[in-house]
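J.: Got a file for you: my_file.csv, CSV, C-alpha atoms.
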chain,number,residue,atom,x,y,z
T,1,MET,CA,-11.2,24.9,25.0
T,2,SER,CA,-12.8,21.5,24.5
T,3,SER,CA,-16.3,23.0,24.6
T,4,ALA,CA,-15.3,25.5,21.9
T,5,LEU,CA,-14.0,22.7,19.7
T,6,GLU,CA,-17.2,20.7,20.2
T,7,GLY,CA,-19.2,23.8,19.2
T,8,LEU,CA,-17.1,24.2,16.0
T,9,LYS,CA,-17.5,20.5,15.3
T,10,ALA,CA,-21.3,20.7,15.7
T,11,THR,CA,-21.4,23.7,13.4
T,12,ALA,CA,-19.3,22.0,10.7
T,13,GLU,CA,-21.5,18.9,10.9
T,14,ARG,CA,-24.7,21.0,10.5
T,15,ILE,CA,-23.2,22.6,7.4
T,16,VAL,CA,-22.0,19.3,5.8
T,17,LEU,CA,-25.4,17.7,6.4
T,18,ASN,CA,-27.4,20.6,5.1
T,19,PRO,CA,-29.0,19.7,1.7
T,20,LYS,CA,-28.6,23.3,0.6
T,21,TYR,CA,-24.8,22.8,0.4
T,22,HIS,CA,-24.8,19.3,-0.9
T,23,ASP,CA,-23.8,20.0,-4.5
T,24,ILE,CA,-20.9,22.3,-3.7
T,25,LEU,CA,-19.7,20.1,-0.9
T,26,ALA,CA,-19.8,17.1,-3.4
T,27,VAL,CA,-17.3,19.1,-5.5
T,28,VAL,CA,-15.0,19.5,-2.5
T,29,LYS,CA,-15.3,15.9,-1.5
T,30,ALA,CA,-14.6,14.7,-5.1
T,31,ALA,CA,-11.4,16.8,-5.0
T,32,ARG,CA,-10.4,15.2,-1.7
T,33,ASN,CA,-11.1,11.7,-3.0
T,34,GLY,CA,-9.1,12.3,-6.2
T,35,ALA,CA,-6.1,13.5,-4.2
T,36,VAL,CA,-6.2,10.6,-1.8
T,37,TYR,CA,-6.8,8.0,-4.5
T,38,GLY,CA,-4.0,9.4,-6.7
T,39,THR,CA,-1.6,9.3,-3.8
T,40,LYS,CA,-2.5,5.7,-2.9
T,41,VAL,CA,-2.2,4.5,-6.5
T,42,ARG,CA,0.9,6.4,-7.6
T,43,PHE,CA,3.1,6.3,-4.5
T,44,PRO,CA,3.7,2.5,-4.4
T,45,HIS,CA,4.0,2.4,-8.2
T,46,ALA,CA,6.6,5.2,-8.3
T,47,LEU,CA,8.4,3.8,-5.3
T,48,VAL,CA,9.0,0.4,-6.9
T,49,MET,CA,9.6,1.6,-10.5
T,50,ILE,CA,12.0,4.4,-9.6
T,51,LEU,CA,13.9,2.5,-6.9
T,52,LEU,CA,14.4,-0.5,-9.2
T,53,PHE,CA,14.8,1.0,-12.6
T,54,ARG,CA,16.0,4.6,-12.3
T,55,SER,CA,19.6,5.7,-11.7
T,56,GLY,CA,20.6,8.4,-9.3
T,57,THR,CA,21.2,9.1,-5.7
T,58,LEU,CA,18.6,8.2,-3.0
T,59,ARG,CA,17.7,11.9,-2.7
T,60,GLU,CA,17.1,12.2,-6.4
T,61,LYS,CA,15.0,9.1,-6.4
T,62,ALA,CA,13.0,10.4,-3.4
T,63,TRP,CA,12.3,13.6,-5.3
T,64,LEU,CA,11.1,11.8,-8.4
T,65,ILE,CA,8.8,9.6,-6.3
T,66,PHE,CA,7.4,12.7,-4.6
T,67,ARG,CA,6.9,14.6,-7.9
T,68,ALA,CA,5.2,11.7,-9.6
T,69,THR,CA,2.9,11.2,-6.6
T,70,ARG,CA,2.1,14.9,-6.3
T,71,THR,CA,1.3,15.1,-10.0
T,72,HIS,CA,-1.0,12.1,-10.0
T,73,ALA,CA,-2.8,13.2,-6.8
T,74,ARG,CA,-3.1,16.8,-7.9
T,75,ASN,CA,-4.4,16.1,-11.4
T,76,LEU,CA,-7.0,13.6,-10.2
T,77,ALA,CA,-8.2,16.2,-7.7
T,78,LYS,CA,-8.3,18.9,-10.4
T,79,PHE,CA,-10.2,16.6,-12.8
T,80,ALA,CA,-12.7,15.6,-10.1
T,81,THR,CA,-13.3,19.3,-9.3
T,82,VAL,CA,-13.8,20.3,-12.9
T,83,TYR,CA,-16.1,17.3,-13.6
T,84,LYS,CA,-18.3,17.7,-10.6
T,85,ALA,CA,-18.5,21.5,-10.9
T,86,THR,CA,-19.5,21.2,-14.6
T,87,CYS,CA,-22.1,18.6,-13.7
T,88,MET,CA,-23.4,20.9,-11.0
T,89,LEU,CA,-23.6,23.8,-13.4
T,90,LEU,CA,-25.3,21.8,-16.1
T,91,LYS,CA,-27.8,20.4,-13.6
T,92,ASN,CA,-28.8,23.9,-12.5
T,93,TYR,CA,-28.5,25.9,-15.7
T,94,GLY,CA,-28.6,23.3,-18.5
T,95,ALA,CA,-31.6,22.0,-20.5
T,96,THR,CA,-33.4,20.7,-17.5
T,97,PRO,CA,-32.4,23.1,-14.6
T,98,GLY,CA,-33.1,22.0,-11.1
T,99,LYS,CA,-33.7,18.3,-12.0
T,100,GLU,CA,-33.3,16.1,-9.0
T,101,GLY,CA,-31.3,12.9,-8.9
T,102,LYS,CA,-27.9,12.1,-10.2
T,103,PRO,CA,-25.2,14.8,-10.4
T,104,CYS,CA,-25.4,14.7,-14.2
T,105,PRO,CA,-29.2,14.2,-15.1
T,106,SER,CA,-28.8,14.5,-18.9
T,107,PRO,CA,-27.1,11.5,-20.6
T,108,TYR,CA,-24.8,14.0,-22.3
T,109,ASP,CA,-23.8,16.0,-19.2
T,110,SER,CA,-21.2,13.5,-18.0
T,111,PHE,CA,-19.7,13.4,-21.5
T,112,VAL,CA,-19.4,17.2,-21.7
T,113,ALA,CA,-18.0,17.4,-18.2
T,114,GLY,CA,-15.5,14.7,-18.9
T,115,LEU,CA,-14.5,16.3,-22.1
T,116,LEU,CA,-13.8,19.7,-20.4
T,117,GLY,CA,-12.0,18.1,-17.5
T,118,GLY,CA,-9.9,15.9,-19.8
T,119,TYR,CA,-8.8,18.9,-21.9
T,120,LEU,CA,-8.1,21.3,-19.1
T,121,VAL,CA,-6.3,18.8,-16.8
T,122,PHE,CA,-4.8,16.0,-18.9
T,123,GLY,CA,-4.6,17.6,-22.3
T,124,GLN,CA,-2.2,20.4,-21.5
T,125,ARG,CA,1.6,20.5,-22.1
T,126,SER,CA,4.1,21.6,-19.5
T,127,ARG,CA,4.7,25.3,-19.6
T,128,ARG,CA,8.4,24.7,-18.8
T,129,SER,CA,9.3,21.9,-21.1
T,130,GLY,CA,6.4,22.0,-23.7
T,131,LYS,CA,6.0,18.2,-23.3
T,132,ILE,CA,3.1,16.1,-22.1
T,133,SER,CA,3.7,14.8,-18.5
T,134,SER,CA,4.6,11.1,-18.4
T,135,VAL,CA,2.2,10.7,-15.5
T,136,ASN,CA,-0.7,12.2,-17.5
T,137,GLN,CA,0.2,9.9,-20.4
T,138,GLN,CA,0.0,6.9,-18.2
T,139,ILE,CA,-3.3,7.9,-16.7
T,140,VAL,CA,-4.9,8.7,-20.1
T,141,ILE,CA,-3.6,5.5,-21.6
T,142,TYR,CA,-4.9,3.5,-18.6
T,143,VAL,CA,-8.4,5.1,-19.1
T,144,PHE,CA,-8.3,4.7,-22.9
T,145,ALA,CA,-7.5,1.0,-22.7
T,146,ARG,CA,-10.4,0.4,-20.4
T,147,VAL,CA,-12.7,2.5,-22.5
T,148,VAL,CA,-11.8,0.4,-25.6
T,149,LEU,CA,-12.5,-2.8,-23.6
T,150,ALA,CA,-15.8,-1.6,-22.4
T,151,LEU,CA,-16.9,-0.5,-25.9
T,152,ALA,CA,-15.8,-3.9,-27.2
T,153,HIS,CA,-18.0,-5.6,-24.6
T,154,LEU,CA,-20.9,-3.2,-25.4
T,155,ALA,CA,-20.6,-3.8,-29.1
T,156,VAL,CA,-21.5,-7.4,-28.7
T,157,LYS,CA,-23.9,-7.1,-25.8
T,158,PRO,CA,-27.3,-8.5,-26.8
T,159,GLY,CA,-29.9,-5.8,-27.1
T,160,HIS,CA,-27.4,-3.0,-26.9
T,161,GLY,CA,-24.6,-3.7,-29.3
T,162,LEU,CA,-24.0,-3.4,-33.1
T,163,PRO,CA,-26.4,-5.2,-35.5
T,164,GLY,CA,-25.3,-8.7,-36.3
T,165,VAL,CA,-22.4,-9.1,-33.8
T,166,SER,CA,-24.8,-8.5,-30.9
T,167,GLU,CA,-27.1,-11.4,-31.8
T,168,PRO,CA,-26.9,-14.0,-29.0
T,169,HIS,CA,-25.0,-16.7,-31.0
T,170,ALA,CA,-22.6,-14.3,-32.6
T,171,SER,CA,-22.1,-12.5,-29.3
T,172,ALA,CA,-21.2,-15.7,-27.5
T,173,THR,CA,-18.7,-16.8,-30.2
T,174,ILE,CA,-17.0,-13.4,-30.4
T,175,SER,CA,-16.8,-13.1,-26.6
T,176,HIS,CA,-15.2,-16.5,-26.4
T,177,LEU,CA,-12.6,-15.8,-29.1
T,178,ALA,CA,-11.9,-12.1,-28.7
T,179,TRP,CA,-9.7,-12.1,-25.6
T,180,PRO,CA,-7.2,-14.7,-26.8
T,181,LEU,CA,-6.9,-12.9,-30.1
T,182,PHE,CA,-6.6,-9.5,-28.4
T,183,ALA,CA,-3.9,-10.7,-26.0
T,184,SER,CA,-1.9,-12.3,-28.8
T,185,ALA,CA,-2.1,-9.3,-31.0
T,186,SER,CA,-1.2,-6.9,-28.2
T,187,TRP,CA,1.9,-8.9,-27.1
T,188,ALA,CA,3.0,-9.4,-30.7
T,189,ALA,CA,2.8,-5.7,-31.3
T,190,VAL,CA,4.6,-4.6,-28.2
T,191,MET,CA,7.4,-7.1,-28.7
T,192,HIS,CA,7.8,-5.9,-32.3
T,193,LEU,CA,7.9,-2.3,-31.2
T,194,PHE,CA,10.3,-3.0,-28.4
T,195,ARG,CA,12.6,-4.8,-30.8
T,196,TRP,CA,12.6,-2.2,-33.6
T,197,HIS,CA,11.1,1.0,-32.3
T,198,ALA,CA,11.7,1.0,-28.5
T,199,ASP,CA,12.0,4.8,-28.3
T,200,GLU,CA,8.3,5.1,-29.1
T,201,LEU,CA,7.2,3.1,-26.1
T,202,GLN,CA,6.2,4.8,-22.8
T,203,PRO,CA,9.4,5.1,-20.7
T,204,SER,CA,8.3,2.9,-17.7
T,205,LEU,CA,7.2,0.1,-20.1
T,206,ARG,CA,10.4,0.4,-22.0
T,207,SER,CA,12.4,0.2,-18.8
T,208,SER,CA,10.6,-2.9,-17.5
T,209,MET,CA,11.0,-4.6,-20.9
T,210,THR,CA,14.6,-3.7,-21.1
T,211,TYR,CA,15.1,-5.3,-17.6
T,212,ILE,CA,13.3,-8.5,-18.5
T,213,TYR,CA,14.4,-9.1,-22.1
T,214,ALA,CA,17.4,-7.0,-23.2
T,215,ASN,CA,19.3,-7.5,-20.0
T,216,ALA,CA,18.8,-11.3,-20.3
T,217,ASP,CA,21.2,-11.4,-23.2
T,218,SER,CA,24.5,-10.6,-21.4
T,219,TRP,CA,26.4,-11.6,-18.2
T,220,ASP,CA,30.0,-12.1,-17.3
T,221,SER,CA,29.7,-13.9,-13.9
T,222,LEU,CA,27.4,-16.0,-11.8
T,223,ARG,CA,26.6,-12.8,-9.8
T,224,ASN,CA,25.1,-10.9,-12.7
T,225,PHE,CA,23.5,-14.0,-14.2
T,226,ALA,CA,21.6,-15.2,-11.1
T,227,TRP,CA,20.7,-12.2,-9.1
T,228,HIS,CA,22.1,-9.0,-10.6
T,229,ASN,CA,21.8,-7.7,-14.1
T,230,LYS,CA,24.9,-5.5,-14.1
Written as structure tokens, that's how I'd like the structure from this file.

T.:
Amino acid sequence: MSSALEGLKATAERIVLNPKYHDILAVVKAARNGAVYGTKVRFPHALVMILLFRSGTLREKAWLIFRATRTHARNLAKFATVYKATCMLLKNYGATPGKEGKPCPSPYDSFVAGLLGGYLVFGQRSRRSGKISSVNQQIVIYVFARVVLALAHLAVKPGHGLPGVSEPHASATISHLAWPLFASASWAAVMHLFRWHADELQPSLRSSMTYIYANADSWDSLRNFAWHNK
């Protein structure tokens, strides 16, 4: 029995190390990595947010935690699969077929692959409810925020950014002042929205802000003043 298992292991290892199968196996591994990373990221977040801020029985909360974790893991795995598979196809059948090197040899291949994956995985509405998944919204907003920050850095990067603002002196001045202004404007906007248009905020953000700010306005005993909100 052990010799048979060793033989299977040796065969599997020969396959995964064979350069002929590298591209297709890279798609499989990307899907695996997406699922694992999504689970690691979402499970602790969902565990804390749902246990602290959602009402319901323990069984209902456990189901919500499982569903959020499954959605995050599954969608990252699906996106990784679409992205890597598209890059593989463009590499072999695009403008420069068979080009060696990175999975997406053309500077536009990664953009096209990301565009397709974003639409197919994160751009779709639920067939059952017709709504955008809150988990997908969180993931896309997370990515969007970091894209905007990266583009802002790139805009003032000497030698790469926009004319004028990327000059060394202007770049240094803008880089020094940009973050304080951005942080101030962001918090001013979110507090205004929370005060006057709270329903438009993402649910988990609204829940955490309600806990911190709205629930600070009322208490009727030492118990719900010092260590319990209600």

J.: Please report the interatomic distance between atom CA of T:Thr81 and atom CA of T:Arg146 in Å with one decimal.

T.: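 Interatomic distance, atom CA of T:Thr81 to atom CA of T:Arg146: 22.1 Å.
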
J.: Near T:Leu51, counting all atoms listed in the file, which residues have an atom at most 9 Å away, once you skip same-chain residues fewer than 4 positions from it, shown as a list in words?

T.: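 Selected residues are Ala46, Leu47, Ser55, Leu58, Lys61, Ala62 and Ile65 of chain T.
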
J.: Neighbouring residues of stretch 207-222 of chain T were defined as those with any atom within 12 Å, considering all atoms listed in the file; residues of the same chain fewer than 4 positions away were excluded. Please report them as a PyMOL selection string.

T.: chain T and resi 48-50+52-55+187+190-195+198-199+201-203+226-230

J.: Could you jot down the atom CA of T:Tyr142 to atom CA of T:Arg67 separation for me, Å, one decimal place?

T.: 19.4 Å

J.: I'd like the interatomic distance between atom CA of T:Lys9 and atom CA of T:Gly34, to a tenth of an Å.

T.: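 Straight-line distance from atom CA of T:Lys9 to atom CA of T:Gly34 works out to 24.5 Å.
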
J.: What's around T:Lys40 at 12 Å? Count only C-alpha atoms, leave out sequence neighbours fewer than 2 positions away in its own chain, and write the answer as a tab-separated table (two decimals) with C-alpha atoms, in the coordinates of the input.

T.:
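Generated output (around-v4.tsv):
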chain	number	residue	atom	x	y	z
T	33	ASN	CA	-11.10	11.70	-3.00
T	34	GLY	CA	-9.10	12.30	-6.20
T	35	ALA	CA	-6.10	13.50	-4.20
T	36	VAL	CA	-6.20	10.60	-1.80
T	37	TYR	CA	-6.80	8.00	-4.50
T	38	GLY	CA	-4.00	9.40	-6.70
T	42	ARG	CA	0.90	6.40	-7.60
T	43	PHE	CA	3.10	6.30	-4.50
T	44	PRO	CA	3.70	2.50	-4.40
T	45	HIS	CA	4.00	2.40	-8.20
T	46	ALA	CA	6.60	5.20	-8.30
T	47	LEU	CA	8.40	3.80	-5.30
T	68	ALA	CA	5.20	11.70	-9.60
T	69	THR	CA	2.90	11.20	-6.60
T	70	ARG	CA	2.10	14.90	-6.30
T	72	HIS	CA	-1.00	12.10	-10.00
T	73	ALA	CA	-2.80	13.20	-6.80
T	76	LEU	CA	-7.00	13.60	-10.20

J.: Between T:Leu151, T:Leu116, T:Ile24, T:Leu17, which has the minimum distance to T:Asn92 (counting all atoms listed in the file)?

T.: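 Checking each candidate against T:Asn92, we get T:Ile24 as the closest.
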
J.: For T:Val143, please output as a VMD selection string all residues within 12 Å (counting all atoms listed in the file; exclusion window: fewer than 6 positions along the same chain).

T.: chain T and resid 114 118 122 136 to 137 149 to 150

J.: For T:Ala178, which residue out of T:Met88, T:Leu162, T:Ala152, T:Ala31 is the nearest one, using all atoms listed in the file?

T.: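 Nearest to T:Ala178: T:Ala152.
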
J.: Here is a test: counting all atoms listed in the file, which residue of T:Ser184, T:Ser2, T:Thr86, T:Asn75 is nearest to T:Val140?

T.: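 Nearest candidate to T:Val140 out of T:Ser184, T:Ser2, T:Thr86, T:Asn75: T:Asn75.
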
J.: Between T:Val16, T:Arg127, T:Cys87, T:Val165, which has the minimum distance to T:Tyr108 (counting only C-alpha atoms)?

T.: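 So, comparing all the options, the nearest one is T:Cys87.
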